[in-house]
There are 2 protein chains.
Amino acid sequence: MKKETRQEEIIRIAARLFKEKGYSAVTMRDLAAEMGIKAASLYNHINSKQYILDMIIITLAEKFTDGMQQIQSSDDNCIGKLKQIIELHVKLSSQNIYGMASLNNDWMHLAEKRDYYKKLRSNYEEDFRSILEEGIASGEIVNEKPEVMMFSILTTLRSLYIWIPKKEDLNLRELSATLNQILIKGINK
Amino acid sequence: MKKETRQEEIIRIAARLFKEKGYSAVTMRDLAAEMGIKAASLYNHINSKQYILDMIIITLAEKFTDGMQQIQSSDDNCIGKLKQIIELHVKLSSQNIYGMASLNNDWMHLAEKRDYYKKLRSNYEEDFRSILEEGIASGEIVNEKPEVMMFSILTTLRSLYIWIPKKEDLNLRELSATLNQILIKGINK
DNA sequence: TGAACAAACTAACAGTTGTTAGTTTAATGT
DNA sequence: ACATTAAACTAACAACTGTTAGTTTGTTCA
């Protein structure tokens with residue numbers, strides 16, 4: 001396990017503050033105070049406030065993209081792929097509780113990286129939708145509107161970061177299984 | 001239909017801006033520009049920026065509380081009540097697209113009204129949970145953790161405001177029906 | 001016609017914002 | 001022992017923040 005750099009520490013603390021109050025409401029002085037230093041000292045390690053947000057969001061968004069690519073290239077059927085997607089979200093959400101908040105709520109404050117983020121997200125949704133459509137075509141899942149199914153599943157998975165920290169004794173494997181039951185069995189024929 | 005006061009107009013426009021950028025990132029000068037006036041002129045109609053947020057969030061939160069009370073006092077069974085809850089969210093979300101964004105993302109920027117809001121929300125969730133527990137006890141719904149079921153359904157319903165505006169030709173009655181199928185049939189025995 | 005009023009305006013305030021420049025401090029490796 | 005370097009510091013900046021005070025404009029109605 002490599003030791004965390006000072007920059008990584010700043011970004012980690014920033015993500016926690018961004019989750020509580022949102023990017024715009026957190027000042028560099030807030031962040032510095034939380035680190036126990038002065039605001040100006042932050043700039044020995046990062047270029048700008050914007051850079052912190054970019055790092056938090058883009059790094060995490062790319063992990064979802066990577067995960068989805070792996071799932072797509074597996075030879076599982078539709079239901080199996082959906083199960084893998086649930087596990088991906090449970091894993092990444094539990095490992096990046098604070099980052100998920102920025103990903104969901106502060107992406108609009110990205111600057112140059114905003115279009116790139118939106119591209120990643122729409123690609124992800126497209127992949128998701130095509131998995132559902134294949135499942136409908138092959139008769140694996142019910143013939144409801146794939147848009148609404150995706151919306152329902154994806155918003156639940158995207159909100160896991162709110163909910164996971166509230167459960168102190170949480171078994172992630174068990175959570176995946178329960179979500180699988182609740183989200184899929186309503187779809188499965 | 002009573003004509004909208006200037007204050008109501010300001011609050012309506014503010015809610016739209018808050019949805020796009022969040023409460024903290026919207027300045028009184030942004031809001032004034034959108035109204036076609038100067039920032040100082042806003043204060044002929046409202047006391048403070050805070051007041052605008054209070055009105056948006058509390059007004060809407062109380063509508064949910066009222067709706068839930070009506071549902072609880074109905075003599076429907078569990079599944080029927082869940083269906084009513086879905087319809088309540090579809091109705092209030094479609095009528096308050098912008099307000100729902102503040103309700104979900106900016107409630108932490110409430111000041112004096114923050115505790116009151118949190119109380120309304122926890123009461124709402126308690127009512128929701130007890131409906132599910134009754135359903136489990138009576139054998140109407142599957143015996144999965146009510147916490148996870150509530151989380152899954154509620155986060156989907158709370159995110160409708162993101163999704164509804166993207167569908168231009170949206171039949172609300174049909175949306176309720178589809179959500180009912182997707183969210184409930186996974187629970188229904 | 002003129003009083004009353006709603007609603008805009010200009011000008012300014014005190015505090016906060018992200019950020020830069022230049023300097024000091026303490027630990028590290030030769 | 002000394003040069004290097006990481007990481008803190010103080011001081012300051014220009015721009016922006018929510019908000020107040022006092023004034024002007026235009027419409028309504030007695």
# chains A, B, ... in the order shown; residues from 1 in each chain; ligands from 1
$ residues_around --residues "Ile71 of chain B" --least-positions-apart "3" --cutoff "7 Å" --atoms "only C-alpha atoms (C1' of nucleotides)" --output "PyMOL selection string"
chain B and resi 67-68+74+81+84
$ write_last_selection --atoms "all heavy atoms" --output "PDB file, in the first residue's frame"
ATOM      1  N   GLY B  67     -49.807  14.822   1.710  1.00  0.00           N
ATOM      2  CA  GLY B  67     -50.160  13.686   0.869  1.00  0.00           C
ATOM      3  C   GLY B  67     -50.052  12.377   1.624  1.00  0.00           C
ATOM      4  O   GLY B  67     -50.930  11.511   1.529  1.00  0.00           O
ATOM      5  N   MET B  68     -48.961  12.234   2.382  1.00  0.00           N
ATOM      6  CA  MET B  68     -48.757  11.006   3.134  1.00  0.00           C
ATOM      7  C   MET B  68     -49.840  10.826   4.199  1.00  0.00           C
ATOM      8  O   MET B  68     -50.308   9.701   4.420  1.00  0.00           O
ATOM      9  CB  MET B  68     -47.372  11.020   3.786  1.00  0.00           C
ATOM     10  CG  MET B  68     -47.051   9.785   4.605  1.00  0.00           C
ATOM     11  SD  MET B  68     -47.086   8.234   3.657  1.00  0.00           S
ATOM     12  CE  MET B  68     -45.353   8.077   3.212  1.00  0.00           C
ATOM     13  N   SER B  74     -56.335   6.505   4.518  1.00  0.00           N
ATOM     14  CA  SER B  74     -57.203   5.751   3.611  1.00  0.00           C
ATOM     15  C   SER B  74     -57.285   4.305   4.088  1.00  0.00           C
ATOM     16  O   SER B  74     -56.445   3.840   4.845  1.00  0.00           O
ATOM     17  CB  SER B  74     -56.649   5.794   2.182  1.00  0.00           C
ATOM     18  OG  SER B  74     -55.669   4.797   1.987  1.00  0.00           O
ATOM     19  N   LYS B  81     -51.671   1.417  -0.938  1.00  0.00           N
ATOM     20  CA  LYS B  81     -51.033   2.620  -0.398  1.00  0.00           C
ATOM     21  C   LYS B  81     -49.728   2.936  -1.135  1.00  0.00           C
ATOM     22  O   LYS B  81     -49.419   4.099  -1.394  1.00  0.00           O
ATOM     23  CB  LYS B  81     -50.767   2.450   1.100  1.00  0.00           C
ATOM     24  CG  LYS B  81     -52.015   2.630   1.962  1.00  0.00           C
ATOM     25  CD  LYS B  81     -51.709   2.424   3.448  1.00  0.00           C
ATOM     26  CE  LYS B  81     -52.973   2.584   4.288  1.00  0.00           C
ATOM     27  NZ  LYS B  81     -52.802   2.102   5.672  1.00  0.00           N
ATOM     28  N   GLN B  84     -50.531   4.619  -4.224  1.00  0.00           N
ATOM     29  CA  GLN B  84     -50.868   6.024  -3.976  1.00  0.00           C
ATOM     30  C   GLN B  84     -49.614   6.878  -3.762  1.00  0.00           C
ATOM     31  O   GLN B  84     -49.562   8.037  -4.176  1.00  0.00           O
ATOM     32  CB  GLN B  84     -51.768   6.143  -2.733  1.00  0.00           C
ATOM     33  CG  GLN B  84     -53.216   5.758  -2.964  1.00  0.00           C
ATOM     34  CD  GLN B  84     -54.081   6.089  -1.748  1.00  0.00           C
ATOM     35  OE1 GLN B  84     -54.255   7.251  -1.393  1.00  0.00           O
ATOM     36  NE2 GLN B  84     -54.612   5.069  -1.083  1.00  0.00           N
TER      37      GLN B  84
END
$ interface_residues --of "chain B" --to "chain A" --cutoff "7 Å" --atoms "only C-alpha atoms" --output "JSON list (two decimals) with N, CA and C atoms, in the first residue's frame"
[["chain", "number", "residue", "atom", "x", "y", "z"],
["B", 21, "LYS", "N", -27.65, 25.06, -10.98],
["B", 21, "LYS", "CA", -26.33, 25.28, -10.39],
["B", 21, "LYS", "C", -26.25, 25.05, -8.90],
["B", 24, "SER", "N", -25.97, 27.60, -3.61],
["B", 24, "SER", "CA", -24.77, 28.39, -3.28],
["B", 24, "SER", "C", -24.16, 29.06, -4.51],
["B", 25, "ALA", "N", -24.31, 28.44, -5.65],
["B", 25, "ALA", "CA", -23.65, 28.95, -6.85],
["B", 25, "ALA", "C", -24.50, 30.00, -7.56],
["B", 108, "MET", "N", -29.57, 21.15, 2.97],
["B", 108, "MET", "CA", -28.55, 21.42, 4.00],
["B", 108, "MET", "C", -28.23, 22.89, 4.11],
["B", 149, "MET", "N", -35.93, -1.92, 0.81],
["B", 149, "MET", "CA", -37.06, -1.70, -0.10],
["B", 149, "MET", "C", -37.43, -0.22, -0.14],
["B", 152, "SER", "N", -34.82, 1.82, -1.96],
["B", 152, "SER", "CA", -34.86, 1.63, -3.40],
["B", 152, "SER", "C", -36.02, 2.38, -4.05],
["B", 155, "THR", "N", -35.67, 6.45, -3.42],
["B", 155, "THR", "CA", -34.67, 7.18, -4.20],
["B", 155, "THR", "C", -35.08, 7.27, -5.67],
["B", 156, "THR", "N", -35.73, 6.23, -6.15],
["B", 156, "THR", "CA", -36.26, 6.31, -7.51],
["B", 156, "THR", "C", -37.29, 7.43, -7.62],
["B", 159, "SER", "N", -35.95, 10.96, -7.48],
["B", 159, "SER", "CA", -35.15, 11.40, -8.63],
["B", 159, "SER", "C", -35.99, 11.63, -9.87],
["B", 182, "ILE", "N", -42.87, -1.74, -12.17],
["B", 182, "ILE", "CA", -41.45, -2.00, -11.94],
["B", 182, "ILE", "C", -41.10, -2.02, -10.46],
["B", 183, "LEU", "N", -41.64, -1.05, -9.74],
["B", 183, "LEU", "CA", -41.26, -0.94, -8.33],
["B", 183, "LEU", "C", -41.98, -1.93, -7.43],
["B", 185, "LYS", "N", -43.99, -4.86, -8.46],
["B", 185, "LYS", "CA", -44.02, -6.27, -8.83],
["B", 185, "LYS", "C", -42.79, -7.01, -8.35],
["B", 186, "GLY", "N", -41.74, -6.26, -8.12],
["B", 186, "GLY", "CA", -40.55, -6.90, -7.54],
["B", 186, "GLY", "C", -40.73, -7.18, -6.06],
["B", 187, "ILE", "N", -41.73, -6.58, -5.48],
["B", 187, "ILE", "CA", -41.99, -6.73, -4.06],
["B", 187, "ILE", "C", -43.16, -7.67, -3.84]]
$ closest_residue --among "B:Ala15, B:Ile10, B:Ala32, B:Ser48" --to "chain D" --atoms "only C-alpha atoms (C1' of nucleotides)"
B:Ser48
$ closest_residue --among "D:DT25, D:DT10, D:DT20, D:DT4" --to "chain A" --atoms "only C-alpha atoms (C1' of nucleotides)"
D:DT10
$ interface_residues --of "chain C" --to "chain B" --cutoff "10 Å" --atoms "only C-alpha atoms (C1' of nucleotides)" --output "list in words"
DA6, DA7, DA8, DC9 and DT10 of chain C
$ residues_around --residues "segment 132-134 of chain B" --least-positions-apart "2" --cutoff "9 Å" --atoms "only C-alpha atoms (C1' of nucleotides)" --output "ChimeraX atom specification"
/B:77-79,82,127-130,136-141,146,149-150
$ interface_residues --of "chain D" --to "chain B" --cutoff "9 Å" --atoms "only C-alpha atoms (C1' of nucleotides)" --output "PDB file with all heavy atoms, in the first residue's frame"
ATOM      1  P    DT D  17     -20.834  36.748  -7.448  1.00  0.00           P
ATOM      2  OP1  DT D  17     -21.103  35.321  -7.771  1.00  0.00           O
ATOM      3  OP2  DT D  17     -21.424  37.829  -8.264  1.00  0.00           O
ATOM      4  O5'  DT D  17     -21.213  36.982  -5.938  1.00  0.00           O
ATOM      5  C5'  DT D  17     -20.802  36.022  -4.948  1.00  0.00           C
ATOM      6  C4'  DT D  17     -21.176  36.504  -3.572  1.00  0.00           C
ATOM      7  O4'  DT D  17     -20.338  37.616  -3.198  1.00  0.00           O
ATOM      8  C3'  DT D  17     -22.584  37.072  -3.446  1.00  0.00           C
ATOM      9  O3'  DT D  17     -23.485  35.998  -3.257  1.00  0.00           O
ATOM     10  C2'  DT D  17     -22.453  37.922  -2.187  1.00  0.00           C
ATOM     11  C1'  DT D  17     -20.996  38.385  -2.217  1.00  0.00           C
ATOM     12  N1   DT D  17     -20.770  39.809  -2.581  1.00  0.00           N
ATOM     13  C2   DT D  17     -20.591  40.720  -1.579  1.00  0.00           C
ATOM     14  O2   DT D  17     -20.666  40.426  -0.403  1.00  0.00           O
ATOM     15  N3   DT D  17     -20.335  42.000  -2.010  1.00  0.00           N
ATOM     16  C4   DT D  17     -20.227  42.433  -3.318  1.00  0.00           C
ATOM     17  O4   DT D  17     -19.982  43.610  -3.581  1.00  0.00           O
ATOM     18  C5   DT D  17     -20.434  41.422  -4.318  1.00  0.00           C
ATOM     19  C7   DT D  17     -20.343  41.798  -5.764  1.00  0.00           C
ATOM     20  C6   DT D  17     -20.685  40.180  -3.908  1.00  0.00           C
ATOM     21  P    DG D  18     -25.087  36.228  -3.395  1.00  0.00           P
ATOM     22  OP1  DG D  18     -25.721  34.900  -3.466  1.00  0.00           O
ATOM     23  OP2  DG D  18     -25.254  37.191  -4.502  1.00  0.00           O
ATOM     24  O5'  DG D  18     -25.507  36.935  -2.040  1.00  0.00           O
ATOM     25  C5'  DG D  18     -25.307  36.295  -0.795  1.00  0.00           C
ATOM     26  C4'  DG D  18     -25.658  37.239   0.338  1.00  0.00           C
ATOM     27  O4'  DG D  18     -24.836  38.430   0.237  1.00  0.00           O
ATOM     28  C3'  DG D  18     -27.114  37.726   0.336  1.00  0.00           C
ATOM     29  O3'  DG D  18     -27.594  37.748   1.680  1.00  0.00           O
ATOM     30  C2'  DG D  18     -27.027  39.114  -0.286  1.00  0.00           C
ATOM     31  C1'  DG D  18     -25.645  39.591   0.162  1.00  0.00           C
ATOM     32  N9   DG D  18     -25.027  40.516  -0.802  1.00  0.00           N
ATOM     33  C8   DG D  18     -24.960  40.373  -2.159  1.00  0.00           C
ATOM     34  N7   DG D  18     -24.351  41.363  -2.760  1.00  0.00           N
ATOM     35  C5   DG D  18     -23.981  42.204  -1.733  1.00  0.00           C
ATOM     36  C6   DG D  18     -23.279  43.458  -1.764  1.00  0.00           C
ATOM     37  O6   DG D  18     -22.844  44.083  -2.743  1.00  0.00           O
ATOM     38  N1   DG D  18     -23.109  43.983  -0.483  1.00  0.00           N
ATOM     39  C2   DG D  18     -23.548  43.386   0.669  1.00  0.00           C
ATOM     40  N2   DG D  18     -23.295  44.042   1.807  1.00  0.00           N
ATOM     41  N3   DG D  18     -24.199  42.229   0.717  1.00  0.00           N
ATOM     42  C4   DG D  18     -24.377  41.697  -0.508  1.00  0.00           C
ATOM     43  P    DT D  19     -29.115  38.179   1.985  1.00  0.00           P
ATOM     44  OP1  DT D  19     -29.490  37.637   3.301  1.00  0.00           O
ATOM     45  OP2  DT D  19     -29.943  37.917   0.786  1.00  0.00           O
ATOM     46  O5'  DT D  19     -28.933  39.752   2.151  1.00  0.00           O
ATOM     47  C5'  DT D  19     -28.017  40.236   3.145  1.00  0.00           C
ATOM     48  C4'  DT D  19     -27.931  41.748   3.083  1.00  0.00           C
ATOM     49  O4'  DT D  19     -27.267  42.162   1.877  1.00  0.00           O
ATOM     50  C3'  DT D  19     -29.288  42.459   3.077  1.00  0.00           C
ATOM     51  O3'  DT D  19     -29.475  43.045   4.359  1.00  0.00           O
ATOM     52  C2'  DT D  19     -29.172  43.485   1.949  1.00  0.00           C
ATOM     53  C1'  DT D  19     -27.687  43.475   1.616  1.00  0.00           C
ATOM     54  N1   DT D  19     -27.350  43.801   0.202  1.00  0.00           N
ATOM     55  C2   DT D  19     -26.615  44.929  -0.048  1.00  0.00           C
ATOM     56  O2   DT D  19     -26.230  45.688   0.820  1.00  0.00           O
ATOM     57  N3   DT D  19     -26.338  45.158  -1.384  1.00  0.00           N
ATOM     58  C4   DT D  19     -26.727  44.380  -2.460  1.00  0.00           C
ATOM     59  O4   DT D  19     -26.419  44.690  -3.609  1.00  0.00           O
ATOM     60  C5   DT D  19     -27.506  43.208  -2.124  1.00  0.00           C
ATOM     61  C7   DT D  19     -27.989  42.303  -3.213  1.00  0.00           C
ATOM     62  C6   DT D  19     -27.772  42.978  -0.823  1.00  0.00           C
ATOM     63  P    DT D  20     -30.823  43.849   4.729  1.00  0.00           P
ATOM     64  OP1  DT D  20     -31.094  43.619   6.149  1.00  0.00           O
ATOM     65  OP2  DT D  20     -31.845  43.573   3.703  1.00  0.00           O
ATOM     66  O5'  DT D  20     -30.347  45.368   4.554  1.00  0.00           O
ATOM     67  C5'  DT D  20     -29.200  45.823   5.249  1.00  0.00           C
ATOM     68  C4'  DT D  20     -28.950  47.286   4.923  1.00  0.00           C
ATOM     69  O4'  DT D  20     -28.451  47.396   3.570  1.00  0.00           O
ATOM     70  C3'  DT D  20     -30.207  48.155   5.005  1.00  0.00           C
ATOM     71  O3'  DT D  20     -29.947  49.225   5.901  1.00  0.00           O
ATOM     72  C2'  DT D  20     -30.437  48.623   3.562  1.00  0.00           C
ATOM     73  C1'  DT D  20     -29.057  48.487   2.930  1.00  0.00           C
ATOM     74  N1   DT D  20     -29.050  48.176   1.480  1.00  0.00           N
ATOM     75  C2   DT D  20     -28.316  48.961   0.626  1.00  0.00           C
ATOM     76  O2   DT D  20     -27.674  49.927   0.996  1.00  0.00           O
ATOM     77  N3   DT D  20     -28.349  48.574  -0.693  1.00  0.00           N
ATOM     78  C4   DT D  20     -29.039  47.496  -1.222  1.00  0.00           C
ATOM     79  O4   DT D  20     -28.995  47.251  -2.420  1.00  0.00           O
ATOM     80  C5   DT D  20     -29.790  46.715  -0.273  1.00  0.00           C
ATOM     81  C7   DT D  20     -30.576  45.531  -0.752  1.00  0.00           C
ATOM     82  C6   DT D  20     -29.763  47.079   1.017  1.00  0.00           C
TER      83       DT D  20
END
$ atom_distance --atom1 "atom CA of Ala177 of chain A" --atom2 "atom CA of Gln69 of chain A"
22.1 Å
$ select_by_dssp --residues "segment 1-154 of chain A" --states "alpha helix (DSSP H)" --output "ChimeraX atom specification"
/A:6-21,28-35,39-42,49-72,78-95,97-105,114-137,146-154
$ atom_distance --atom1 "atom CA of Asn180 of chain A" --atom2 "atom CA of Ile86 of chain A"
7.0 Å
$ atom_distance --atom1 "atom CA of Gln72 of chain B" --atom2 "atom CA of Asn171 of chain B"
26.4 Å
$ residues_around --residues "DG22 of chain C" --least-positions-apart "5" --cutoff "12 Å" --atoms "only C-alpha atoms (C1' of nucleotides)" --output "list in words"
DC9, DT10, DA11 and DA12 of chain D
$ closest_residue --among "A:Glu112, A:Leu88, A:Asp76, A:Asn96" --to "Arg12 of chain A" --atoms "only C-alpha atoms"
A:Asn96
